[in-house]
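This report refers to the structure that appears directly beneath it.
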Amino acid sequence: MGQKLTIAPNEFLFSYAGLKTENVKQGALALNLDWAEESTESANYGAVIKKVVSAKAPHTSIVMCQEGDDAAQSVDALLISPQDFIVTSFANTLPAKADVKEVLKSWNNYFKALQQHQYLLGEHFTIQLLPTSSLSKEQQALSNAVRCAMQSDEETKELLRQFKGFCASDKSQSWVDAVCYGLSQYKSIESTKTECAKANEALKTTNSEKETAQKELTQKTEKIDQLAQQVENLQNELESAANEATNTKNAASEFEAKYKDVSSELATKNEENTAVAEENRELKSECELLLLQTQQLQEELENVFAEAINSKAAVADLDNKFKEATNQLTQASEAKQRLAKEKAEQENENELLSLQIQQLQDELEATFLALSNLKADFKRIEQDNKQLQEKAKAEEVASAQDQVVAKKITELEEEKALLTLQISQLQEELESSFAQSEESKKATDALVQNLKTKLAQVETYSPELQRELENAMSEQQLMQIQVQKLQEELEFYFTEYQKLKAESPDNKALAEFKSKIEERFPYLVLSEGVTLTGGANQKDLQRITARFTQVEHGDKHWNAFSIIVNDRKGLLDIELHAPDKKRVYPLSKFVKTGSNKVCDFSLLSPFTDAGKKALAELPAADHLLLIGIIEELQTKLKHNDVQRTDATAGLDVSPWPEKLVKLATALKQLAPKQAPKPLNFKKLSLKQNMVGATNEHLLISIENLQANGISYPTFDIKVGAKQIRDKAFTDYGSLEFRELANNQAPLTTWPPATEDKWGLKLVLDLPAQLNEQQQNAIDSLKEEDRLFIKELLTKLAEKLHMLDRKKLKVNQPLENWQKLVTGMVAKF
């Protein structure tokens with residue numbers, strides 16, 4: 001991994017971690033990161049890490065230490081618990097209350113920044129937890145006292161809970177750690193079994209000794225009975241054998257003392273046997289408990305792994321949607337620029353045509369003027385000709401003058417013929433020019449009309465394009481907000497999961513948690529691994545065969561199954577072979593579309609009529625599973641997270657991620673619409689009741705609200721009553737929505753334009769008769785929000801009698817509020 005950079009909030013942590021404090025530099029970590037700029041595997045991590053530890057404001061100060069001058073390829077962040085951080089920060093001074101709050105704030109900022117960078121950089125960013133044992137004994141004692149003090153305050157208690165949840169999740173990230181832990185538990189169990197075996201052997205030995213002692217006791221008892229009999233027989237001879245009788249009594253006393261010792265020893269052995277049996281039972285219970293803990297740890301690791309895959313798949317899906325919205329915005333901008341360019345060209349063309357029309361009109365006027373001049377000359381010549389002819393006839397001169405006159409007449413006749421020809425040509429030119437002028441005028445009129453039509457279209461569509469552009473930009477902003485909200489939602493799910501593990505780690509609670517995830521992400525399919533086992537890359541056929549292992553979809557699980565995806569001349573389909581003893585068919589229903597020498601098979605395609613018909617026969621759950629399989633394969637291929645066999649080592653799969661996105665999109669369009677689940681909640685509680693002279697309102701908290709596939713742990717809504725007069729109630733209601741806990745938006749139409757010192761708020765006034773402004777406020781909401789509010793008010797009116805007032809006094813009877821809320825429903 002190359003050079004490693006070690007960072008910490010201050011230099012004290014370096015000493016507690018046993019690191020040298022030479023070459024320590026100052027740096028800063030960003031408090032908030034842009035999740036859209038997620039690094040890829042090909043990124044220059046040296047430059048990325050340099051940018052990470054020198055972030056601009058807002059930021060949190062850190063110190064960093066590195067051996068060598070090469071660019072660091074990974075970061076090792078030092079972290080201790082909040083109570084240890086306080087103790088080390090004030091090792092030599094007594095802090096004030098404000099100083100402690102500032103230190104906790106600094107620790108919290110550093111802690112959040114580490115979590116965000118760890119998510120962003122993955123294996124290139126590790127967090128090293130320093131245990132309390134690294135402190136001195138005095139500091140450890142002080143740390144325990146600080147922790148107890150922090151437990152008594154809700155705000156600092158939350159910091160402890162978050163740190164505890166992070167430590168627990170950190171321990172469950174590695175399967176190797178889990179296996180090592182399981183092996184250590186197994187060895188502990190084996191050791192315990194060995195000790196149990198030894199204890200059983202000791203018990204057997206004790207029982208054997210007990211039996212031997214009992215036999216000896218029986219023998220001694222028999223001897224005592226014999227001696228007693230002898231004593232009884234010798235009593236008759238007491239007088240003659242007094243000394244012997246005394247000896248016999250002494251012997252009997254000795255035997256009785258030995259009997260008591262043996263009895264006492266037997267009682268002791270019985271007690272020891274009972275203690276050994278009790279210890280054996282305890283060891284057996286401890287073995288069972290250890291096995292149960294190992295099983296629970298395995299289940300927790302599987303769930304955490306599934307949650308991590310859920311987050312990556314959801315973020316990848318939202319990233320694709322964001323890119324699509326960006327492409328649409330770019331296309332709209334290009335269309336607008338293209339239309340503006342066409343409009344400018346059309347205006348230039350219009351000016352040129354206007355100039356040409358003006359030139360034609362000037363030419364026509366010049367032609368008419370020339371024609372008029374020629375007509376005047378022609379009339380003058382005809383007049384002169386008549387005068388000369390009359391003069392010639394009057395004088396009847398036959399001399400040379402006649403010849404001159406005749407010659408002049410001839411010249412005048414020729415000039416007349418020439419002028420007549422010129423007039424005829426000018427008339428033809430005039431008619432041709434007039435015809436051309438008429439055609440040009442018609443063409444010009446048609447062109448002008450076309451230009452006017454185009455200009456009208458541009459003027460008509462320009463606002464629409466502007467609106468589309470604004471909508472695209474709004475959708476882009478909304479997409480960014482949705483990505484952020486999804487991240488917050490995933491963090492909320494993780495927190496809830498930690499609570500479930502702490503409060504109720506049974507399988508039922510974890511199953512309910514998985515059910516929520518399934519409801520939120522119905523397409524989600526998770527697999528442990530994908531292997532490419534076959535494929536083709538021919539002219540008319542491209543194919544990949546993928547084998548999935550350890551697959552989960554909702555509450556369903558498969559060890560392994562295979563699918564084939566074909567591209568036949570640009571038409572995509574999914575090929576699944578019929579199930580048999582060796583082959584698993586993941587869908588709940590087999591639809592036969594063909595058969596070969598190997599087996600029957602089904603071809604499912606959203607691009608052919610036969611494929612659509614086969615898809616229509618599948619239930620809705622199979623559609624969800626099919627889409628999830630394609631999206632899982634696309635994600636694995638995109639991130640190069642697939643295994644290959646020898647046969648597929650050289651197969652080019654670079655075009656397939658884009659093809660699979662196209663296939664999944666088409667499948668979603670054909671998937672049957674699932675009926676939305678009805679709105680429901682767990683409990684209604686009254687948080688506030690404000691009573692004024694003419695206004696009142698109820699602040700109602702709705703617990704565990706489920707609607708439109710979204711979960712709201714607590715949903716607050718303020719129901720108001722306005723214009724209350726005298727003792728009569730009112731039909732003028734209002735609703736107020738504010739941002740929920742964990743920065744969760746109450747509506748999809750969010751954020752609103754109104755804000756006060758407590759934050760963003762949306763207020764809807766709902767009198768009996770709405771004015772235009774009030775109606776526009778309702779119409780500005782998205783349709784899904786209007787339906788949500790309508791259903792929420794309906795449920796609220798039905799369940800208002802179950803309102804937990806928490807000993808708060810309600811000024812109006814609940815029947816009045818119920819009637820008011822019922823009247824609001826019709827407004828949506």
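Note on naming: chains are A, B, ... as they come in the structure tokens, residues start from 1 per chain, ligands start from 1 in the order shown.
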| said: List the spatial neighbours of Glu67 of chain A as a PyMOL selection string - criterion: any atom at most 8 Å away, only C-alpha atoms, same-chain residues fewer than 3 positions off excluded. | reply: chain A and resi 3-5
Given the selection you just returned, output its residues as a file containing N, CA, C and O atoms, formatted as an mmCIF file, in the first residue's frame.
```cif
data_model
loop_
_atom_site.group_PDB
_atom_site.id
_atom_site.type_symbol
_atom_site.label_atom_id
_atom_site.label_comp_id
_atom_site.auth_asym_id
_atom_site.auth_seq_id
_atom_site.Cartn_x
_atom_site.Cartn_y
_atom_site.Cartn_z
ATOM 1 N N GLN A 3 3.565 4.289 1.293
ATOM 2 C CA GLN A 3 3.759 5.082 2.505
ATOM 3 C C GLN A 3 2.440 5.255 3.257
ATOM 4 O O GLN A 3 1.388 5.407 2.652
ATOM 5 N N LYS A 4 2.521 5.234 4.599
ATOM 6 C CA LYS A 4 1.323 5.404 5.437
ATOM 7 C C LYS A 4 1.476 6.690 6.243
ATOM 8 O O LYS A 4 2.523 6.955 6.825
ATOM 9 N N LEU A 5 0.382 7.461 6.253
ATOM 10 C CA LEU A 5 0.336 8.720 6.996
ATOM 11 C C LEU A 5 -0.502 8.512 8.260
ATOM 12 O O LEU A 5 -1.625 8.026 8.183
#
```
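Excluding segment 576-587 of chain A and any residue on its chain fewer than 3 positions from it, the residues at most 6 Å away by only C-alpha atoms are Phe561, Ile563, Asp600, Phe601, Ser602 and Asp622 of chain A.
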| 7 Å contact set for Ala55 of chain A, only C-alpha atoms, chain neighbours under 2 positions out, as a ChimeraX atom specification | /A:28-30,51-53,57,59
| task | From segment 483-729 of chain A, collect each residue whose DSSP state is helix (DSSP H, G or I) and return the set as a PyMOL selection string. | result | chain A and resi 483-503+507-520+609-616+620-638+646-648+656-670
| request: Write out as a PyMOL selection string the residues lying within 10 Å of segment 609-615 of chain A, counting only C-alpha atoms and excluding same-chain residues fewer than 3 positions away. | output: chain A and resi 572-574+590-593+602-606+618-620+622-623+667+670-672
Once you have the residues from the selection above, write them out as a compact mmCIF listing (two decimals), in the first residue's frame, restricted to all heavy atoms.
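Output file again_13.txt follows:
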```txt
# COMPACT_ATOMS: atom_id res chain seq x y z
N LEU A 572 -31.52 -7.57 -26.62
CA LEU A 572 -31.04 -8.23 -25.41
C LEU A 572 -32.10 -9.18 -24.86
O LEU A 572 -33.30 -8.88 -24.92
CB LEU A 572 -30.69 -7.18 -24.35
CG LEU A 572 -29.57 -6.21 -24.72
CD1 LEU A 572 -29.54 -5.05 -23.75
CD2 LEU A 572 -28.23 -6.90 -24.73
N ASP A 573 -31.67 -10.33 -24.32
CA ASP A 573 -32.59 -11.24 -23.64
C ASP A 573 -31.86 -11.98 -22.55
O ASP A 573 -30.63 -12.02 -22.51
CB ASP A 573 -33.22 -12.23 -24.64
CG ASP A 573 -32.20 -13.17 -25.27
OD1 ASP A 573 -31.55 -13.92 -24.53
OD2 ASP A 573 -32.04 -13.15 -26.52
N ILE A 574 -32.63 -12.56 -21.63
CA ILE A 574 -32.10 -13.36 -20.52
C ILE A 574 -32.51 -14.80 -20.76
O ILE A 574 -33.69 -15.10 -20.97
CB ILE A 574 -32.67 -12.87 -19.17
CG1 ILE A 574 -32.34 -11.39 -18.99
CG2 ILE A 574 -32.10 -13.69 -18.03
CD1 ILE A 574 -33.09 -10.76 -17.85
N PHE A 590 -41.53 -21.47 -14.05
CA PHE A 590 -40.77 -21.72 -15.28
C PHE A 590 -41.69 -21.52 -16.48
O PHE A 590 -42.75 -22.14 -16.59
CB PHE A 590 -40.20 -23.13 -15.28
CG PHE A 590 -39.52 -23.49 -16.58
CD1 PHE A 590 -38.31 -22.89 -16.91
CD2 PHE A 590 -40.07 -24.40 -17.46
CE1 PHE A 590 -37.66 -23.20 -18.09
CE2 PHE A 590 -39.43 -24.71 -18.64
CZ PHE A 590 -38.22 -24.11 -18.97
N VAL A 591 -41.28 -20.63 -17.40
CA VAL A 591 -42.02 -20.37 -18.62
C VAL A 591 -41.20 -20.93 -19.78
O VAL A 591 -40.13 -20.41 -20.10
CB VAL A 591 -42.26 -18.85 -18.82
CG1 VAL A 591 -43.05 -18.61 -20.09
CG2 VAL A 591 -42.98 -18.28 -17.62
N LYS A 592 -41.70 -21.98 -20.42
CA LYS A 592 -40.97 -22.63 -21.50
C LYS A 592 -41.19 -21.87 -22.80
O LYS A 592 -42.32 -21.67 -23.24
CB LYS A 592 -41.43 -24.07 -21.64
CG LYS A 592 -40.72 -24.82 -22.78
CD LYS A 592 -41.24 -26.24 -22.89
CE LYS A 592 -40.61 -26.94 -24.09
NZ LYS A 592 -41.13 -28.32 -24.25
N THR A 593 -40.07 -21.44 -23.43
CA THR A 593 -40.15 -20.78 -24.73
C THR A 593 -39.38 -21.53 -25.81
O THR A 593 -39.47 -21.18 -26.98
CB THR A 593 -39.57 -19.35 -24.64
OG1 THR A 593 -38.19 -19.42 -24.25
CG2 THR A 593 -40.33 -18.52 -23.62
N SER A 602 -36.07 -20.91 -21.18
CA SER A 602 -36.95 -19.76 -21.33
C SER A 602 -36.10 -18.55 -21.72
O SER A 602 -35.04 -18.31 -21.14
CB SER A 602 -37.71 -19.48 -20.04
OG SER A 602 -36.83 -19.22 -18.98
N LEU A 603 -36.58 -17.78 -22.73
CA LEU A 603 -35.95 -16.54 -23.15
C LEU A 603 -36.86 -15.39 -22.74
O LEU A 603 -38.01 -15.32 -23.19
CB LEU A 603 -35.73 -16.52 -24.67
CG LEU A 603 -34.71 -17.52 -25.22
CD1 LEU A 603 -34.60 -17.39 -26.73
CD2 LEU A 603 -33.34 -17.31 -24.59
N LEU A 604 -36.35 -14.52 -21.90
CA LEU A 604 -37.13 -13.40 -21.38
C LEU A 604 -36.51 -12.11 -21.91
O LEU A 604 -35.34 -11.83 -21.68
CB LEU A 604 -37.10 -13.39 -19.85
CG LEU A 604 -37.50 -14.71 -19.17
CD1 LEU A 604 -37.25 -14.64 -17.69
CD2 LEU A 604 -38.95 -15.03 -19.45
N SER A 605 -37.32 -11.34 -22.67
CA SER A 605 -36.79 -10.13 -23.29
C SER A 605 -37.87 -9.05 -23.31
O SER A 605 -39.02 -9.31 -23.68
CB SER A 605 -36.32 -10.41 -24.71
OG SER A 605 -35.95 -9.20 -25.36
N PRO A 606 -37.51 -7.81 -22.93
CA PRO A 606 -38.46 -6.70 -23.04
C PRO A 606 -38.46 -6.06 -24.42
O PRO A 606 -39.14 -5.06 -24.64
CB PRO A 606 -37.95 -5.71 -21.98
CG PRO A 606 -36.48 -5.95 -21.95
CD PRO A 606 -36.27 -7.40 -22.25
N LEU A 618 -45.03 -14.07 -15.62
CA LEU A 618 -44.34 -14.14 -14.33
C LEU A 618 -45.05 -13.28 -13.29
O LEU A 618 -45.56 -12.20 -13.61
CB LEU A 618 -42.90 -13.66 -14.48
CG LEU A 618 -41.98 -14.49 -15.38
CD1 LEU A 618 -40.62 -13.82 -15.49
CD2 LEU A 618 -41.83 -15.91 -14.85
N PRO A 619 -45.05 -13.69 -12.02
CA PRO A 619 -45.62 -12.84 -10.95
C PRO A 619 -44.73 -11.64 -10.68
O PRO A 619 -43.57 -11.58 -11.11
CB PRO A 619 -45.68 -13.79 -9.75
CG PRO A 619 -44.65 -14.84 -10.03
CD PRO A 619 -44.63 -15.01 -11.53
N ALA A 620 -45.27 -10.67 -9.93
CA ALA A 620 -44.54 -9.43 -9.66
C ALA A 620 -43.24 -9.68 -8.92
O ALA A 620 -42.22 -9.02 -9.18
CB ALA A 620 -45.43 -8.47 -8.87
N ASP A 622 -41.19 -12.17 -9.18
CA ASP A 622 -40.16 -12.62 -10.11
C ASP A 622 -39.61 -11.47 -10.93
O ASP A 622 -38.42 -11.45 -11.28
CB ASP A 622 -40.72 -13.70 -11.05
CG ASP A 622 -40.84 -15.04 -10.36
OD1 ASP A 622 -40.29 -15.19 -9.25
OD2 ASP A 622 -41.49 -15.94 -10.89
N HIS A 623 -40.46 -10.49 -11.28
CA HIS A 623 -39.97 -9.30 -11.98
C HIS A 623 -38.95 -8.56 -11.13
O HIS A 623 -37.89 -8.13 -11.62
CB HIS A 623 -41.15 -8.38 -12.34
CG HIS A 623 -41.92 -8.82 -13.53
ND1 HIS A 623 -41.66 -8.35 -14.80
CD2 HIS A 623 -42.94 -9.70 -13.66
CE1 HIS A 623 -42.50 -8.91 -15.66
NE2 HIS A 623 -43.30 -9.73 -14.99
N LEU A 667 -36.82 -3.64 -18.38
CA LEU A 667 -37.56 -4.58 -17.52
C LEU A 667 -38.42 -3.84 -16.50
O LEU A 667 -39.54 -4.26 -16.20
CB LEU A 667 -36.57 -5.51 -16.81
CG LEU A 667 -35.88 -6.57 -17.67
CD1 LEU A 667 -34.80 -7.28 -16.86
CD2 LEU A 667 -36.88 -7.58 -18.21
N LEU A 670 -41.72 -2.72 -17.91
CA LEU A 670 -42.71 -3.78 -18.11
C LEU A 670 -43.15 -4.44 -16.81
O LEU A 670 -44.09 -5.23 -16.82
CB LEU A 670 -42.13 -4.86 -19.04
CG LEU A 670 -41.89 -4.45 -20.50
CD1 LEU A 670 -41.29 -5.61 -21.27
CD2 LEU A 670 -43.19 -4.00 -21.15
N ALA A 671 -42.47 -4.14 -15.71
CA ALA A 671 -42.80 -4.79 -14.43
C ALA A 671 -44.19 -4.36 -13.98
O ALA A 671 -44.56 -3.19 -14.12
CB ALA A 671 -41.78 -4.42 -13.37
N PRO A 672 -45.01 -5.29 -13.49
CA PRO A 672 -46.35 -4.92 -13.02
C PRO A 672 -46.27 -3.98 -11.83
O PRO A 672 -45.39 -4.12 -10.98
CB PRO A 672 -46.97 -6.28 -12.64
CG PRO A 672 -45.80 -7.19 -12.41
CD PRO A 672 -44.73 -6.72 -13.34
```
| said: So that I can check the surroundings of Tyr523 of chain A, please list as JSON, numbers by chain every protein, DNA and RNA residue that reaches within 7 Å of it, counting only C-alpha atoms and ignoring chain neighbours fewer than 2 positions away. | reply: {"A": [521, 525, 624, 625, 627, 628]}
Writing out the chosen residues with N, CA and C atoms as a compact mmCIF listing (two decimals), in the first residue's frame:
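Contents of the output file again.txt:
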```
# COMPACT_ATOMS: atom_id res chain seq x y z
N PHE A 521 -36.03 -0.95 -0.68
CA PHE A 521 -35.31 -1.27 -1.89
C PHE A 521 -35.78 -2.63 -2.43
N VAL A 525 -30.77 -7.23 -4.75
CA VAL A 525 -30.28 -8.61 -4.74
C VAL A 525 -28.81 -8.56 -4.33
N LEU A 624 -39.25 -8.38 -9.85
CA LEU A 624 -38.32 -7.70 -8.95
C LEU A 624 -37.00 -8.46 -8.85
N LEU A 625 -37.09 -9.79 -8.72
CA LEU A 625 -35.88 -10.61 -8.61
C LEU A 625 -35.05 -10.51 -9.89
N ILE A 627 -34.93 -8.09 -12.17
CA ILE A 627 -34.29 -6.77 -12.26
C ILE A 627 -33.11 -6.69 -11.29
N GLY A 628 -33.30 -7.21 -10.07
CA GLY A 628 -32.23 -7.18 -9.09
C GLY A 628 -31.01 -7.99 -9.52
```
| request: Give me the residues within 8 Å of Pro82 of chain A as a ChimeraX atom specification, counting only C-alpha atoms and dropping any in the same chain fewer than 6 places off. | output: /A:104,107,159-160,163
Dump all heavy atoms for the selected residues as an mmCIF file, in the first residue's frame?
```cif
data_model
loop_
_atom_site.group_PDB
_atom_site.id
_atom_site.type_symbol
_atom_site.label_atom_id
_atom_site.label_comp_id
_atom_site.auth_asym_id
_atom_site.auth_seq_id
_atom_site.Cartn_x
_atom_site.Cartn_y
_atom_site.Cartn_z
ATOM 1 N N LEU A 104 -15.410 18.138 23.736
ATOM 2 C CA LEU A 104 -16.331 17.122 23.214
ATOM 3 C C LEU A 104 -16.760 17.450 21.788
ATOM 4 O O LEU A 104 -16.910 16.562 20.938
ATOM 5 C CB LEU A 104 -17.565 17.019 24.116
ATOM 6 C CG LEU A 104 -17.371 16.258 25.415
ATOM 7 C CD1 LEU A 104 -18.637 16.299 26.250
ATOM 8 C CD2 LEU A 104 -16.977 14.814 25.140
ATOM 9 N N TRP A 107 -13.915 16.481 19.580
ATOM 10 C CA TRP A 107 -13.874 15.017 19.405
ATOM 11 C C TRP A 107 -14.960 14.553 18.453
ATOM 12 O O TRP A 107 -14.712 13.710 17.586
ATOM 13 C CB TRP A 107 -14.040 14.329 20.768
ATOM 14 C CG TRP A 107 -14.003 12.822 20.647
ATOM 15 C CD1 TRP A 107 -12.934 11.998 20.738
ATOM 16 C CD2 TRP A 107 -15.129 11.968 20.421
ATOM 17 N NE1 TRP A 107 -13.286 10.696 20.573
ATOM 18 C CE2 TRP A 107 -14.633 10.641 20.366
ATOM 19 C CE3 TRP A 107 -16.490 12.173 20.245
ATOM 20 C CZ2 TRP A 107 -15.463 9.552 20.141
ATOM 21 C CZ3 TRP A 107 -17.317 11.080 20.025
ATOM 22 C CH2 TRP A 107 -16.808 9.786 19.979
ATOM 23 N N LEU A 159 -23.178 10.599 22.528
ATOM 24 C CA LEU A 159 -21.825 10.447 21.986
ATOM 25 C C LEU A 159 -21.241 9.088 22.377
ATOM 26 O O LEU A 159 -20.616 8.406 21.559
ATOM 27 C CB LEU A 159 -20.928 11.568 22.500
ATOM 28 C CG LEU A 159 -21.204 12.989 21.976
ATOM 29 C CD1 LEU A 159 -20.225 13.966 22.588
ATOM 30 C CD2 LEU A 159 -21.113 13.027 20.464
ATOM 31 N N LEU A 160 -21.446 8.700 23.650
ATOM 32 C CA LEU A 160 -20.959 7.390 24.090
ATOM 33 C C LEU A 160 -21.618 6.268 23.308
ATOM 34 O O LEU A 160 -20.967 5.291 22.925
ATOM 35 C CB LEU A 160 -21.236 7.223 25.595
ATOM 36 C CG LEU A 160 -20.422 8.112 26.540
ATOM 37 C CD1 LEU A 160 -20.879 7.905 27.973
ATOM 38 C CD2 LEU A 160 -18.929 7.817 26.422
ATOM 39 N N PHE A 163 -20.164 6.057 19.798
ATOM 40 C CA PHE A 163 -18.813 5.473 19.807
ATOM 41 C C PHE A 163 -18.886 3.968 20.075
ATOM 42 O O PHE A 163 -18.182 3.189 19.440
ATOM 43 C CB PHE A 163 -17.967 6.169 20.870
ATOM 44 C CG PHE A 163 -16.567 5.617 20.971
ATOM 45 C CD1 PHE A 163 -15.617 5.901 20.004
ATOM 46 C CD2 PHE A 163 -16.197 4.798 22.035
ATOM 47 C CE1 PHE A 163 -14.331 5.396 20.093
ATOM 48 C CE2 PHE A 163 -14.925 4.297 22.126
ATOM 49 C CZ PHE A 163 -13.982 4.599 21.143
#
```
| query | Expressed in Å to a single decimal, how great is the separation between atom CA of Gly709 of chain A and atom CA of Leu637 of chain A? | reply | 29.0 Å
Pick out the residues sitting within 6 Å of segment 694-703 of chain A, and hand them over as a compact mmCIF listing (two decimals) with N, CA, C and O atoms, in the first residue's frame; count only C-alpha atoms, and ignore anything fewer than 4 positions along from it in its own chain.
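That gives us out_39.txt:
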```txt
# COMPACT_ATOMS: atom_id res chain seq x y z
N LYS A 682 -48.04 3.40 14.62
CA LYS A 682 -48.16 2.64 15.86
C LYS A 682 -48.94 3.40 16.93
O LYS A 682 -49.78 2.84 17.61
N LYS A 683 -48.69 4.72 17.07
CA LYS A 683 -49.26 5.44 18.21
C LYS A 683 -49.35 6.93 17.90
O LYS A 683 -48.54 7.47 17.14
N LEU A 684 -50.37 7.59 18.48
CA LEU A 684 -50.54 9.04 18.42
C LEU A 684 -50.31 9.62 19.81
O LEU A 684 -50.90 9.13 20.78
N SER A 685 -49.47 10.67 19.89
CA SER A 685 -49.21 11.30 21.18
C SER A 685 -49.33 12.81 21.03
O SER A 685 -48.93 13.38 20.01
N LEU A 686 -49.88 13.47 22.06
CA LEU A 686 -50.01 14.93 22.07
C LEU A 686 -48.77 15.53 22.73
O LEU A 686 -48.49 15.26 23.89
N LYS A 687 -48.02 16.34 21.97
CA LYS A 687 -46.81 16.97 22.50
C LYS A 687 -47.07 18.39 23.00
O LYS A 687 -46.36 18.88 23.87
N GLN A 688 -48.10 19.07 22.44
CA GLN A 688 -48.35 20.45 22.83
C GLN A 688 -49.80 20.82 22.50
O GLN A 688 -50.37 20.35 21.52
N ASN A 689 -50.40 21.67 23.35
CA ASN A 689 -51.75 22.19 23.11
C ASN A 689 -51.72 23.68 23.41
O ASN A 689 -51.67 24.10 24.55
N MET A 690 -51.72 24.51 22.34
CA MET A 690 -51.68 25.96 22.50
C MET A 690 -53.10 26.51 22.38
O MET A 690 -53.84 26.18 21.45
N PRO A 713 -39.57 7.28 12.08
CA PRO A 713 -39.65 6.88 13.50
C PRO A 713 -40.60 7.79 14.28
O PRO A 713 -41.39 7.30 15.08
N THR A 714 -40.51 9.10 14.07
CA THR A 714 -41.46 10.05 14.66
C THR A 714 -41.80 11.09 13.61
O THR A 714 -40.89 11.65 12.98
N PHE A 715 -43.09 11.35 13.40
CA PHE A 715 -43.55 12.33 12.41
C PHE A 715 -44.44 13.33 13.15
O PHE A 715 -45.50 12.97 13.65
N ASP A 716 -43.98 14.60 13.24
CA ASP A 716 -44.72 15.64 13.94
C ASP A 716 -45.53 16.47 12.95
O ASP A 716 -45.01 16.87 11.90
N ILE A 717 -46.81 16.74 13.29
CA ILE A 717 -47.66 17.58 12.46
C ILE A 717 -48.48 18.47 13.39
O ILE A 717 -48.95 18.02 14.44
N LYS A 718 -48.60 19.75 13.03
CA LYS A 718 -49.35 20.70 13.84
C LYS A 718 -50.70 20.97 13.16
O LYS A 718 -50.74 21.44 12.02
N VAL A 719 -51.78 20.65 13.86
CA VAL A 719 -53.14 20.87 13.36
C VAL A 719 -53.69 22.10 14.07
O VAL A 719 -53.78 22.14 15.30
N GLY A 720 -54.04 23.14 13.28
CA GLY A 720 -54.50 24.39 13.86
C GLY A 720 -55.97 24.67 13.60
O GLY A 720 -56.59 24.14 12.67
N ALA A 721 -56.57 25.48 14.47
CA ALA A 721 -57.96 25.94 14.32
C ALA A 721 -57.93 27.47 14.44
O ALA A 721 -57.47 28.01 15.44
N LYS A 722 -58.44 28.19 13.41
CA LYS A 722 -58.36 29.64 13.36
C LYS A 722 -59.76 30.25 13.37
O LYS A 722 -60.76 29.59 13.05
N GLN A 723 -59.80 31.56 13.75
CA GLN A 723 -61.04 32.36 13.74
C GLN A 723 -62.14 31.71 14.61
O GLN A 723 -63.26 31.52 14.19
N ILE A 724 -61.75 31.35 15.84
CA ILE A 724 -62.74 30.81 16.79
C ILE A 724 -63.47 31.99 17.43
O ILE A 724 -62.86 32.92 17.95
```
